[in-house]
Amino acid sequence: MSSAAVPVEDVLGDSRTRPDKPWVTIVWNDPVNLMSYVTYVFQSYFGYSREVAERLMKDVHIKGRAVVSSGSLEEMERDTEAMHGYGLWATFSQDRDPGGH
Amino acid sequence: MATEFRRTARGIEVRLSSGETDAVVQVLGDVRQLLADDAPPAPAVPDWAAELGLDDLGVDPGADPTPPADAALARLLPSATGDEHAAKDFRRLTERGLRGAKLEAISVSLEALRGRSAEQAAEPGNEARPEVNEVVLDDRQAVAFSRALTDVRLVMAQRLGIETEEDADAVHDWLGEHADDDLQQPGESHEEWQFRLRAQWLAQLYDFLTWLQESLSGVLLAALPEDGDGRRQPPPLSDGD
């Protein structure tokens, strides 16, 4: 048997073998929710800065949806439930770019 | 008649006419009915659980995991994910709590709206119902009212057929064209006229509630610090997705 050291890259493997691909919470645009209200929700619930909250709100408005948080499945389920409590339409998934509903 | 929401020494204030108060109270009551009527009954606790003092297992094996049939209610309690199985599980675990929270926001709002005018009516010499309702909210009530307003507007929008931003603009424009047309128009049947009056009332109220919510959101936003508190890591800037 060879006693040569194994290269580090072979031990870590590539990204496809890394467990726990992060989950995301996505907020979808709707014609009812006001930009000021959405910004308020993002800032107060997540504790984001005004700048970040406004950027995310604009993404929802202009692109139709935006990833607003990422983390474990449990965290994303909690965030999604909270968004529904505020009247926003949110979903959780492992895919950052799921098909629209 | 109504003033915008503004923050004063007393709290977050808004002034509504008695007519405006009545209309808001009515639609809040309608949405409360919608949320409460369709609610699945509380599950029976099995004997073995009751003996152990486990009154609320937090899981509703008998609860209906399918989305509500009413489209407006389905928007208040939407599916949480594309995978149907996972969505049903999520609904089974969270729907009752979500309904409860929304009902609570409506209750707090109704109490806040009625409170002041009831006080004013109780003052001697003031037996006739005051024309002006001065509503003063504390921070907790203000947040509850903004959530209740959102839910009411979501339901009203669904009833008005608003599915896109274009629909919302179209309803607003239509209202502008018919603002003074309360009378039956030539060629309009009685049913068409009555339907149009109801639709106008609904659309006008929707516009009014939108205006109210805009000013309330502004007041709530103004109280938040510019900087984040660092609790949560914001998502990275999107790379053109």
# chains A, B, ... in the order shown; residues from 1 in each chain; ligands from 1
call {"tool": "closest_atom_pairs", "arguments": {"of": "chain A", "to": "chain B", "cutoff": "8 Å", "atoms": "only C-alpha atoms", "output": "CSV"}}
result
residue,atom,partner,partner_atom,distance
A:Asp30,CA,B:Thr164,CA,7.0
A:Pro31,CA,B:Glu165,CA,4.8
A:Val32,CA,B:Leu154,CA,6.3
A:Asn33,CA,B:Thr150,CA,7.2
A:Leu34,CA,B:Glu214,CA,7.0
A:Ser36,CA,B:Ser217,CA,5.9
A:Tyr37,CA,B:Ser217,CA,5.3
A:Thr39,CA,B:Leu221,CA,7.9
A:Tyr40,CA,B:Leu221,CA,5.4
A:Gln43,CA,B:Gly228,CA,7.5
A:Ser44,CA,B:Leu224,CA,7.3
A:Phe46,CA,B:Arg232,CA,6.0
A:Gly47,CA,B:Gly228,CA,5.2
A:Tyr48,CA,B:Gly228,CA,4.3
A:Ser49,CA,B:Gly228,CA,3.7
A:Arg50,CA,B:Glu226,CA,5.1
A:Glu51,CA,B:Glu226,CA,7.6
A:Val52,CA,B:Pro234,CA,7.3
A:Val67,CA,B:Pro235,CA,6.9
A:Val68,CA,B:Pro235,CA,6.2
A:Ser69,CA,B:Pro235,CA,5.7
A:Ser70,CA,B:Pro235,CA,6.9
A:Glu77,CA,B:Phe90,CA,7.9
A:Thr80,CA,B:Ala80,CA,6.9
A:Glu81,CA,B:Thr94,CA,7.3
A:His84,CA,B:Leu77,CA,6.9
A:Gly85,CA,B:Leu98,CA,6.2
A:Tyr86,CA,B:Arg147,CA,5.6
A:Gly87,CA,B:Asp151,CA,6.1
A:Trp89,CA,B:Pro78,CA,6.8
A:Ala90,CA,B:Ala80,CA,6.4
A:Thr91,CA,B:Ala80,CA,4.5
A:Phe92,CA,B:Thr81,CA,5.6
A:Ser93,CA,B:Thr81,CA,6.6
A:Asp97,CA,B:Asp241,CA,7.7
call {"tool": "write_last_selection", "arguments": {"atoms": "N, CA, C and O atoms", "output": "CSV table (one decimal), in the first residue's frame"}}
result
chain,number,residue,atom,x,y,z
A,30,ASP,N,-47.6,40.0,-5.7
A,30,ASP,CA,-49.1,39.9,-5.9
A,30,ASP,C,-49.6,41.3,-6.1
A,30,ASP,O,-48.9,42.3,-5.7
A,31,PRO,N,-50.8,41.5,-6.6
A,31,PRO,CA,-51.2,42.9,-7.0
A,31,PRO,C,-51.8,43.7,-5.8
A,31,PRO,O,-52.2,44.8,-6.0
A,32,VAL,N,-51.8,43.1,-4.6
A,32,VAL,CA,-52.5,43.7,-3.5
A,32,VAL,C,-51.5,44.4,-2.5
A,32,VAL,O,-51.7,45.5,-2.0
A,33,ASN,N,-50.4,43.6,-2.2
A,33,ASN,CA,-49.5,44.1,-1.2
A,33,ASN,C,-48.7,45.3,-1.6
A,33,ASN,O,-48.1,45.4,-2.7
A,34,LEU,N,-48.7,46.3,-0.7
A,34,LEU,CA,-48.1,47.6,-1.0
A,34,LEU,C,-46.6,47.5,-0.8
A,34,LEU,O,-46.1,46.8,0.1
A,36,SER,N,-44.6,49.7,0.5
A,36,SER,CA,-44.2,50.1,1.8
A,36,SER,C,-44.4,49.1,2.8
A,36,SER,O,-43.6,48.9,3.7
A,37,TYR,N,-45.5,48.3,2.7
A,37,TYR,CA,-45.8,47.2,3.6
A,37,TYR,C,-44.8,46.1,3.5
A,37,TYR,O,-44.4,45.6,4.5
A,39,THR,N,-41.8,46.2,2.4
A,39,THR,CA,-40.5,46.7,3.0
A,39,THR,C,-40.5,46.6,4.5
A,39,THR,O,-39.6,46.1,5.1
A,40,TYR,N,-41.6,47.1,5.1
A,40,TYR,CA,-41.8,47.0,6.5
A,40,TYR,C,-41.7,45.6,7.0
A,40,TYR,O,-41.0,45.3,8.0
A,43,GLN,N,-38.1,44.3,6.8
A,43,GLN,CA,-37.2,45.0,7.8
A,43,GLN,C,-37.5,44.5,9.2
A,43,GLN,O,-36.6,44.2,10.0
A,44,SER,N,-38.8,44.5,9.5
A,44,SER,CA,-39.1,44.2,10.9
A,44,SER,C,-39.0,42.7,11.3
A,44,SER,O,-38.5,42.3,12.3
A,46,PHE,N,-37.1,40.2,9.6
A,46,PHE,CA,-35.8,39.6,9.4
A,46,PHE,C,-34.7,40.5,10.1
A,46,PHE,O,-33.6,40.1,10.3
A,47,GLY,N,-35.1,41.8,10.4
A,47,GLY,CA,-34.1,42.6,11.0
A,47,GLY,C,-33.1,43.1,10.0
A,47,GLY,O,-32.0,43.6,10.3
A,48,TYR,N,-33.5,43.1,8.7
A,48,TYR,CA,-32.6,43.6,7.6
A,48,TYR,C,-32.6,45.1,7.7
A,48,TYR,O,-33.4,45.8,8.2
A,49,SER,N,-31.5,45.7,7.1
A,49,SER,CA,-31.4,47.2,7.0
A,49,SER,C,-32.5,47.6,6.0
A,49,SER,O,-33.1,46.8,5.2
A,50,ARG,N,-32.8,48.9,6.0
A,50,ARG,CA,-33.8,49.5,5.1
A,50,ARG,C,-33.4,49.2,3.7
A,50,ARG,O,-34.2,48.9,2.8
A,51,GLU,N,-32.1,49.4,3.4
A,51,GLU,CA,-31.6,49.2,2.1
A,51,GLU,C,-31.8,47.8,1.5
A,51,GLU,O,-32.3,47.6,0.4
A,52,VAL,N,-31.5,46.8,2.4
A,52,VAL,CA,-31.7,45.4,2.0
A,52,VAL,C,-33.2,45.1,1.8
A,52,VAL,O,-33.6,44.5,0.8
A,67,VAL,N,-35.7,35.6,-3.4
A,67,VAL,CA,-35.3,34.8,-2.3
A,67,VAL,C,-35.1,35.8,-1.1
A,67,VAL,O,-34.3,36.7,-1.3
A,68,VAL,N,-35.8,35.6,0.0
A,68,VAL,CA,-35.6,36.5,1.1
A,68,VAL,C,-34.8,36.0,2.3
A,68,VAL,O,-34.4,36.8,3.1
A,69,SER,N,-34.6,34.7,2.3
A,69,SER,CA,-33.8,34.1,3.4
A,69,SER,C,-33.3,32.7,2.9
A,69,SER,O,-33.9,32.1,2.0
A,70,SER,N,-32.3,32.2,3.6
A,70,SER,CA,-31.8,30.8,3.3
A,70,SER,C,-31.3,30.2,4.6
A,70,SER,O,-31.0,30.9,5.6
A,77,GLU,N,-39.3,27.0,6.9
A,77,GLU,CA,-40.7,26.7,7.2
A,77,GLU,C,-41.3,27.8,8.2
A,77,GLU,O,-42.4,28.3,8.0
A,80,THR,N,-41.6,31.0,6.2
A,80,THR,CA,-42.7,31.0,5.3
A,80,THR,C,-44.0,31.2,6.1
A,80,THR,O,-44.9,32.0,5.7
A,81,GLU,N,-44.1,30.5,7.2
A,81,GLU,CA,-45.3,30.7,8.1
A,81,GLU,C,-45.5,32.1,8.5
A,81,GLU,O,-46.6,32.7,8.5
A,84,HIS,N,-46.8,34.3,5.7
A,84,HIS,CA,-48.2,34.1,5.5
A,84,HIS,C,-49.0,34.8,6.5
A,84,HIS,O,-50.1,35.4,6.3
A,85,GLY,N,-48.5,34.9,7.8
A,85,GLY,CA,-49.1,35.6,8.8
A,85,GLY,C,-49.3,37.1,8.5
A,85,GLY,O,-50.2,37.8,8.9
A,86,TYR,N,-48.3,37.6,7.7
A,86,TYR,CA,-48.3,39.0,7.3
A,86,TYR,C,-49.1,39.2,6.0
A,86,TYR,O,-49.2,40.3,5.5
A,87,GLY,N,-49.6,38.1,5.4
A,87,GLY,CA,-50.4,38.2,4.2
A,87,GLY,C,-49.6,38.2,2.9
A,87,GLY,O,-50.1,38.4,1.8
A,89,TRP,N,-47.3,36.1,0.1
A,89,TRP,CA,-47.4,34.8,-0.5
A,89,TRP,C,-45.9,34.3,-0.5
A,89,TRP,O,-45.1,34.8,-1.3
A,90,ALA,N,-45.6,33.3,0.3
A,90,ALA,CA,-44.2,32.8,0.3
A,90,ALA,C,-44.2,31.2,0.2
A,90,ALA,O,-45.2,30.6,0.6
A,91,THR,N,-43.1,30.7,-0.4
A,91,THR,CA,-42.9,29.3,-0.4
A,91,THR,C,-41.5,29.0,0.0
A,91,THR,O,-40.6,29.8,-0.1
A,92,PHE,N,-41.3,27.7,0.5
A,92,PHE,CA,-39.9,27.3,0.8
A,92,PHE,C,-39.5,26.2,-0.2
A,92,PHE,O,-40.4,25.4,-0.7
A,93,SER,N,-38.3,26.2,-0.6
A,93,SER,CA,-37.8,25.1,-1.5
A,93,SER,C,-36.3,25.0,-1.5
A,93,SER,O,-35.6,25.9,-0.9
A,97,ASP,N,-34.7,28.8,-7.9
A,97,ASP,CA,-35.4,29.3,-9.1
A,97,ASP,C,-36.5,28.3,-9.5
A,97,ASP,O,-36.5,27.8,-10.6
call {"tool": "residues_around", "arguments": {"residues": "range 194-198 of chain B", "least_positions_apart": "5", "cutoff": "10 Å", "atoms": "only C-alpha atoms", "output": "VMD selection string"}}
result
chain B and resid 178 181 to 184 188 to 189 203 to 204
call {"tool": "residues_around", "arguments": {"residues": "Ala112 in chain B", "least_positions_apart": "2", "cutoff": "10 Å", "atoms": "only C-alpha atoms", "output": "short mmCIF file (atom, residue, chain, number, x, y, z; two decimals) with all heavy atoms, in the first residue's frame"}}
result
data_model
loop_
_atom_site.label_atom_id
_atom_site.label_comp_id
_atom_site.auth_asym_id
_atom_site.auth_seq_id
_atom_site.Cartn_x
_atom_site.Cartn_y
_atom_site.Cartn_z
N ILE B 106 -57.77 40.60 13.71
CA ILE B 106 -59.06 41.22 13.41
C ILE B 106 -59.76 41.64 14.70
O ILE B 106 -60.32 42.74 14.78
CB ILE B 106 -59.95 40.25 12.59
CG1 ILE B 106 -59.38 40.10 11.17
CG2 ILE B 106 -61.39 40.77 12.52
CD1 ILE B 106 -60.09 39.07 10.32
N SER B 107 -59.72 40.78 15.73
CA SER B 107 -60.35 41.12 17.01
C SER B 107 -59.75 42.38 17.61
O SER B 107 -60.47 43.27 18.07
CB SER B 107 -60.13 40.00 18.03
OG SER B 107 -61.03 38.98 17.82
N VAL B 108 -58.41 42.43 17.62
CA VAL B 108 -57.71 43.60 18.17
C VAL B 108 -58.12 44.85 17.40
O VAL B 108 -58.37 45.91 17.98
CB VAL B 108 -56.18 43.39 18.11
CG1 VAL B 108 -55.43 44.67 18.42
CG2 VAL B 108 -55.75 42.29 19.06
N SER B 109 -58.22 44.73 16.08
CA SER B 109 -58.58 45.86 15.23
C SER B 109 -60.01 46.33 15.51
O SER B 109 -60.26 47.53 15.63
CB SER B 109 -58.45 45.49 13.76
OG SER B 109 -57.14 45.07 13.47
N LEU B 110 -60.94 45.40 15.60
CA LEU B 110 -62.34 45.75 15.86
C LEU B 110 -62.47 46.47 17.19
O LEU B 110 -63.16 47.48 17.31
CB LEU B 110 -63.21 44.50 15.85
CG LEU B 110 -63.55 43.94 14.48
CD1 LEU B 110 -64.20 42.57 14.58
CD2 LEU B 110 -64.47 44.90 13.71
N ARG B 114 -63.76 50.41 17.64
CA ARG B 114 -65.00 50.71 18.35
C ARG B 114 -64.74 51.46 19.64
O ARG B 114 -65.56 52.22 20.08
CB ARG B 114 -65.73 49.42 18.70
CG ARG B 114 -66.40 48.79 17.52
CD ARG B 114 -67.00 47.47 17.96
NE ARG B 114 -67.63 46.81 16.84
CZ ARG B 114 -67.72 45.51 16.72
NH1 ARG B 114 -67.18 44.73 17.64
NH2 ARG B 114 -68.33 44.96 15.70
N GLY B 115 -63.55 51.18 20.19
CA GLY B 115 -63.25 51.65 21.54
C GLY B 115 -63.51 53.10 21.80
O GLY B 115 -64.29 53.46 22.67
N ARG B 116 -62.85 53.96 21.01
CA ARG B 116 -62.92 55.40 21.26
C ARG B 116 -64.34 55.92 21.08
O ARG B 116 -64.82 56.71 21.87
CB ARG B 116 -61.96 56.12 20.30
CG ARG B 116 -61.89 57.59 20.50
CD ARG B 116 -61.14 57.99 21.77
NE ARG B 116 -61.21 59.43 21.96
CZ ARG B 116 -61.52 60.03 23.10
NH1 ARG B 116 -61.76 59.32 24.17
NH2 ARG B 116 -61.59 61.33 23.18
N SER B 117 -65.02 55.48 19.99
CA SER B 117 -66.35 56.03 19.74
C SER B 117 -67.32 55.59 20.82
O SER B 117 -68.24 56.32 21.17
CB SER B 117 -66.86 55.66 18.35
OG SER B 117 -66.93 54.26 18.22
N VAL B 135 -59.41 57.39 16.40
CA VAL B 135 -58.83 56.09 16.77
C VAL B 135 -57.38 56.30 17.18
O VAL B 135 -56.61 56.91 16.44
CB VAL B 135 -58.91 55.11 15.58
CG1 VAL B 135 -58.30 53.77 15.95
CG2 VAL B 135 -60.36 54.94 15.12
N VAL B 136 -57.03 55.82 18.36
CA VAL B 136 -55.65 55.91 18.84
C VAL B 136 -55.15 54.50 19.08
O VAL B 136 -55.74 53.74 19.84
CB VAL B 136 -55.54 56.72 20.14
CG1 VAL B 136 -54.07 56.84 20.57
CG2 VAL B 136 -56.15 58.11 19.96
N LEU B 137 -54.06 54.13 18.40
CA LEU B 137 -53.52 52.78 18.52
C LEU B 137 -52.17 52.79 19.22
O LEU B 137 -51.38 53.71 19.02
CB LEU B 137 -53.32 52.17 17.13
CG LEU B 137 -54.50 52.15 16.17
CD1 LEU B 137 -54.03 51.68 14.79
CD2 LEU B 137 -55.59 51.23 16.69
N ASP B 138 -51.92 51.76 20.03
CA ASP B 138 -50.55 51.59 20.51
C ASP B 138 -49.81 50.74 19.46
O ASP B 138 -50.41 50.30 18.47
CB ASP B 138 -50.51 50.96 21.91
CG ASP B 138 -51.12 49.57 21.98
OD1 ASP B 138 -51.09 48.83 20.96
OD2 ASP B 138 -51.66 49.22 23.05
N GLN B 141 -51.35 47.33 18.61
CA GLN B 141 -52.60 47.44 17.87
C GLN B 141 -52.33 47.87 16.42
O GLN B 141 -53.01 47.44 15.50
CB GLN B 141 -53.54 48.45 18.53
CG GLN B 141 -54.11 47.98 19.85
CD GLN B 141 -54.83 49.09 20.57
OE1 GLN B 141 -54.35 50.23 20.64
NE2 GLN B 141 -55.98 48.77 21.13
N ALA B 142 -51.33 48.75 16.25
CA ALA B 142 -51.01 49.23 14.91
C ALA B 142 -50.52 48.09 14.02
O ALA B 142 -50.93 47.98 12.86
CB ALA B 142 -49.95 50.34 14.98
N PHE B 145 -53.49 45.90 13.23
CA PHE B 145 -54.37 46.53 12.25
C PHE B 145 -53.78 46.45 10.85
O PHE B 145 -54.50 46.23 9.87
CB PHE B 145 -54.66 47.98 12.65
CG PHE B 145 -55.81 48.60 11.92
CD1 PHE B 145 -57.02 47.91 11.79
CD2 PHE B 145 -55.72 49.86 11.37
CE1 PHE B 145 -58.10 48.48 11.12
CE2 PHE B 145 -56.79 50.45 10.69
CZ PHE B 145 -57.99 49.75 10.56
#
call {"tool": "atom_distance", "arguments": {"atom1": "CA of Asp59 in chain A", "atom2": "CA of Met35 in chain A"}}
result
10.9 Å
call {"tool": "select_by_dssp", "arguments": {"residues": "range 96-195 of chain B", "states": "helix (DSSP H, G or I)", "output": "count of residues only"}}
result
67
call {"tool": "atom_distance", "arguments": {"atom1": "CA of Ser18 in chain B", "atom2": "CA of Asn133 in chain B"}}
result
6.2 Å
call {"tool": "residues_around", "arguments": {"residues": "Ala23 in chain B", "least_positions_apart": "6", "cutoff": "10 Å", "atoms": "only C-alpha atoms", "output": "tab-separated table (two decimals) with N, CA, C and O atoms, in the first residue's frame"}}
result
chain	number	residue	atom	x	y	z
B	17	SER	N	-64.73	58.92	9.82
B	17	SER	CA	-66.14	59.28	10.04
B	17	SER	C	-66.85	58.05	10.58
B	17	SER	O	-66.32	56.93	10.49
B	29	GLY	N	-65.53	42.14	9.94
B	29	GLY	CA	-66.43	41.09	10.40
B	29	GLY	C	-66.63	40.01	9.34
B	29	GLY	O	-66.67	38.82	9.65
B	201	TRP	N	-69.30	50.19	-4.56
B	201	TRP	CA	-69.09	50.33	-3.12
B	201	TRP	C	-67.85	49.54	-2.70
B	201	TRP	O	-67.01	50.04	-1.94
B	202	LEU	N	-67.75	48.31	-3.21
B	202	LEU	CA	-66.62	47.45	-2.88
B	202	LEU	C	-65.31	48.06	-3.37
B	202	LEU	O	-64.31	48.11	-2.63
B	205	LEU	N	-64.38	51.13	-1.33
B	205	LEU	CA	-63.89	50.74	-0.01
B	205	LEU	C	-62.47	50.17	-0.12
B	205	LEU	O	-61.61	50.44	0.71
call {"tool": "atom_distance", "arguments": {"atom1": "CA of Asp22 in chain B", "atom2": "CA of Thr8 in chain B"}}
result
24.3 Å
call {"tool": "select_by_dssp", "arguments": {"residues": "range 23-54 of chain A", "states": "strand (DSSP E)", "output": "list of chain:residue names"}}
result
A:Trp23, A:Val24, A:Thr25, A:Ile26, A:Val27, A:Trp28
call {"tool": "write_last_selection", "arguments": {"atoms": "all heavy atoms", "output": "compact mmCIF listing (two decimals), in the first residue's frame"}}
result
# COMPACT_ATOMS: atom_id res chain seq x y z
N TRP A 23 -31.86 25.48 2.07
CA TRP A 23 -33.23 25.77 1.69
C TRP A 23 -33.39 27.27 1.62
O TRP A 23 -32.66 28.02 2.27
CB TRP A 23 -34.19 25.19 2.73
CG TRP A 23 -34.26 23.69 2.68
CD1 TRP A 23 -33.35 22.80 3.18
CD2 TRP A 23 -35.29 22.90 2.08
NE1 TRP A 23 -33.75 21.52 2.94
CE2 TRP A 23 -34.95 21.53 2.27
CE3 TRP A 23 -36.49 23.21 1.41
CZ2 TRP A 23 -35.75 20.49 1.80
CZ3 TRP A 23 -37.29 22.16 0.97
CH2 TRP A 23 -36.91 20.82 1.16
N VAL A 24 -34.38 27.72 0.83
CA VAL A 24 -34.62 29.15 0.71
C VAL A 24 -36.10 29.44 0.91
O VAL A 24 -36.95 28.56 0.72
CB VAL A 24 -34.18 29.70 -0.67
CG1 VAL A 24 -32.68 29.60 -0.85
CG2 VAL A 24 -34.93 29.02 -1.80
N THR A 25 -36.38 30.67 1.33
CA THR A 25 -37.75 31.17 1.37
C THR A 25 -37.91 32.16 0.24
O THR A 25 -37.06 33.05 0.07
CB THR A 25 -38.06 31.88 2.71
OG1 THR A 25 -37.82 30.98 3.78
CG2 THR A 25 -39.52 32.34 2.74
N ILE A 26 -38.94 31.97 -0.55
CA ILE A 26 -39.20 32.84 -1.69
C ILE A 26 -40.50 33.59 -1.46
O ILE A 26 -41.51 33.00 -1.07
CB ILE A 26 -39.31 31.99 -2.99
CG1 ILE A 26 -37.97 31.33 -3.28
CG2 ILE A 26 -39.75 32.85 -4.18
CD1 ILE A 26 -38.06 30.19 -4.26
N VAL A 27 -40.48 34.90 -1.68
CA VAL A 27 -41.73 35.68 -1.62
C VAL A 27 -42.13 36.02 -3.05
O VAL A 27 -41.29 36.44 -3.86
CB VAL A 27 -41.55 36.96 -0.78
CG1 VAL A 27 -42.73 37.92 -0.96
CG2 VAL A 27 -41.40 36.59 0.70
N TRP A 28 -43.40 35.80 -3.36
CA TRP A 28 -43.92 36.01 -4.71
C TRP A 28 -44.70 37.32 -4.79
O TRP A 28 -45.34 37.74 -3.82
CB TRP A 28 -44.85 34.85 -5.09
CG TRP A 28 -44.14 33.53 -5.06
CD1 TRP A 28 -43.92 32.75 -3.96
CD2 TRP A 28 -43.52 32.85 -6.16
NE1 TRP A 28 -43.21 31.62 -4.30
CE2 TRP A 28 -42.95 31.65 -5.65
CE3 TRP A 28 -43.41 33.12 -7.54
CZ2 TRP A 28 -42.27 30.74 -6.47
CZ3 TRP A 28 -42.73 32.21 -8.34
CH2 TRP A 28 -42.17 31.04 -7.81
call {"tool": "decode", "arguments": {"residues": "range 12-92 of chain A", "atoms": "C-alpha atoms", "output": "PDB file, in the first residue's frame"}}
result
ATOM      1  CA  LEU A  12     -13.612  16.950   0.361  1.00  0.00           C
ATOM      2  CA  GLY A  13     -15.073  15.927  -2.974  1.00  0.00           C
ATOM      3  CA  ASP A  14     -16.917  18.366  -5.182  1.00  0.00           C
ATOM      4  CA  SER A  15     -20.040  20.430  -4.243  1.00  0.00           C
ATOM      5  CA  ARG A  16     -22.471  17.778  -5.471  1.00  0.00           C
ATOM      6  CA  THR A  17     -21.542  15.449  -2.655  1.00  0.00           C
ATOM      7  CA  ARG A  18     -21.840  18.078   0.078  1.00  0.00           C
ATOM      8  CA  PRO A  19     -24.873  17.309   2.234  1.00  0.00           C
ATOM      9  CA  ASP A  20     -27.659  19.767   3.183  1.00  0.00           C
ATOM     10  CA  LYS A  21     -28.028  21.979   0.161  1.00  0.00           C
ATOM     11  CA  PRO A  22     -29.520  25.116   1.726  1.00  0.00           C
ATOM     12  CA  TRP A  23     -33.226  25.766   1.686  1.00  0.00           C
ATOM     13  CA  VAL A  24     -34.624  29.151   0.708  1.00  0.00           C
ATOM     14  CA  THR A  25     -37.753  31.171   1.373  1.00  0.00           C
ATOM     15  CA  ILE A  26     -39.199  32.841  -1.694  1.00  0.00           C
ATOM     16  CA  VAL A  27     -41.728  35.681  -1.617  1.00  0.00           C
ATOM     17  CA  TRP A  28     -43.919  36.007  -4.710  1.00  0.00           C
ATOM     18  CA  ASN A  29     -45.379  39.215  -6.142  1.00  0.00           C
ATOM     19  CA  ASP A  30     -49.090  39.902  -5.853  1.00  0.00           C
ATOM     20  CA  PRO A  31     -51.211  42.870  -6.978  1.00  0.00           C
ATOM     21  CA  VAL A  32     -52.487  43.712  -3.484  1.00  0.00           C
ATOM     22  CA  ASN A  33     -49.504  44.124  -1.200  1.00  0.00           C
ATOM     23  CA  LEU A  34     -48.062  47.625  -1.017  1.00  0.00           C
ATOM     24  CA  MET A  35     -44.358  48.269  -1.499  1.00  0.00           C
ATOM     25  CA  SER A  36     -44.204  50.146   1.789  1.00  0.00           C
ATOM     26  CA  TYR A  37     -45.838  47.249   3.625  1.00  0.00           C
ATOM     27  CA  VAL A  38     -43.586  44.599   2.065  1.00  0.00           C
ATOM     28  CA  THR A  39     -40.511  46.680   2.965  1.00  0.00           C
ATOM     29  CA  TYR A  40     -41.820  47.015   6.509  1.00  0.00           C
ATOM     30  CA  VAL A  41     -42.337  43.237   6.813  1.00  0.00           C
ATOM     31  CA  PHE A  42     -38.838  42.418   5.506  1.00  0.00           C
ATOM     32  CA  GLN A  43     -37.212  44.970   7.783  1.00  0.00           C
ATOM     33  CA  SER A  44     -39.114  44.176  10.948  1.00  0.00           C
ATOM     34  CA  TYR A  45     -39.306  40.373  10.691  1.00  0.00           C
ATOM     35  CA  PHE A  46     -35.781  39.646   9.410  1.00  0.00           C
ATOM     36  CA  GLY A  47     -34.079  42.647  10.986  1.00  0.00           C
ATOM     37  CA  TYR A  48     -32.605  43.606   7.608  1.00  0.00           C
ATOM     38  CA  SER A  49     -31.443  47.155   6.953  1.00  0.00           C
ATOM     39  CA  ARG A  50     -33.831  49.494   5.113  1.00  0.00           C
ATOM     40  CA  GLU A  51     -31.572  49.231   2.059  1.00  0.00           C
ATOM     41  CA  VAL A  52     -31.688  45.428   1.958  1.00  0.00           C
ATOM     42  CA  ALA A  53     -35.426  45.337   2.651  1.00  0.00           C
ATOM     43  CA  GLU A  54     -36.088  47.789  -0.204  1.00  0.00           C
ATOM     44  CA  ARG A  55     -33.844  45.861  -2.595  1.00  0.00           C
ATOM     45  CA  LEU A  56     -35.683  42.604  -1.862  1.00  0.00           C
ATOM     46  CA  MET A  57     -39.055  44.336  -2.180  1.00  0.00           C
ATOM     47  CA  LYS A  58     -38.070  45.734  -5.592  1.00  0.00           C
ATOM     48  CA  ASP A  59     -36.924  42.300  -6.719  1.00  0.00           C
ATOM     49  CA  VAL A  60     -40.314  40.841  -5.748  1.00  0.00           C
ATOM     50  CA  HIS A  61     -42.111  43.644  -7.544  1.00  0.00           C
ATOM     51  CA  ILE A  62     -40.034  43.729 -10.729  1.00  0.00           C
ATOM     52  CA  LYS A  63     -38.868  40.118 -11.113  1.00  0.00           C
ATOM     53  CA  GLY A  64     -42.034  38.525  -9.752  1.00  0.00           C
ATOM     54  CA  ARG A  65     -40.318  36.819  -6.843  1.00  0.00           C
ATOM     55  CA  ALA A  66     -37.237  37.020  -4.614  1.00  0.00           C
ATOM     56  CA  VAL A  67     -35.285  34.772  -2.268  1.00  0.00           C
ATOM     57  CA  VAL A  68     -35.619  36.520   1.090  1.00  0.00           C
ATOM     58  CA  SER A  69     -33.776  34.110   3.368  1.00  0.00           C
ATOM     59  CA  SER A  70     -31.844  30.846   3.324  1.00  0.00           C
ATOM     60  CA  GLY A  71     -30.899  28.207   5.872  1.00  0.00           C
ATOM     61  CA  SER A  72     -32.232  24.944   7.235  1.00  0.00           C
ATOM     62  CA  LEU A  73     -35.590  23.509   6.237  1.00  0.00           C
ATOM     63  CA  GLU A  74     -36.941  24.200   9.705  1.00  0.00           C
ATOM     64  CA  GLU A  75     -35.894  27.861   9.569  1.00  0.00           C
ATOM     65  CA  MET A  76     -37.456  28.288   6.116  1.00  0.00           C
ATOM     66  CA  GLU A  77     -40.732  26.711   7.226  1.00  0.00           C
ATOM     67  CA  ARG A  78     -40.797  29.178  10.119  1.00  0.00           C
ATOM     68  CA  ASP A  79     -40.079  32.117   7.807  1.00  0.00           C
ATOM     69  CA  THR A  80     -42.743  30.971   5.331  1.00  0.00           C
ATOM     70  CA  GLU A  81     -45.332  30.675   8.074  1.00  0.00           C
ATOM     71  CA  ALA A  82     -44.418  34.148   9.315  1.00  0.00           C
ATOM     72  CA  MET A  83     -44.750  35.622   5.823  1.00  0.00           C
ATOM     73  CA  HIS A  84     -48.221  34.054   5.491  1.00  0.00           C
ATOM     74  CA  GLY A  85     -49.111  35.633   8.823  1.00  0.00           C
ATOM     75  CA  TYR A  86     -48.310  39.018   7.290  1.00  0.00           C
ATOM     76  CA  GLY A  87     -50.394  38.232   4.204  1.00  0.00           C
ATOM     77  CA  LEU A  88     -47.456  37.751   1.866  1.00  0.00           C
ATOM     78  CA  TRP A  89     -47.372  34.759  -0.451  1.00  0.00           C
ATOM     79  CA  ALA A  90     -44.242  32.753   0.306  1.00  0.00           C
ATOM     80  CA  THR A  91     -42.946  29.258  -0.404  1.00  0.00           C
ATOM     81  CA  PHE A  92     -39.919  27.304   0.750  1.00  0.00           C
TER      82      PHE A  92
END
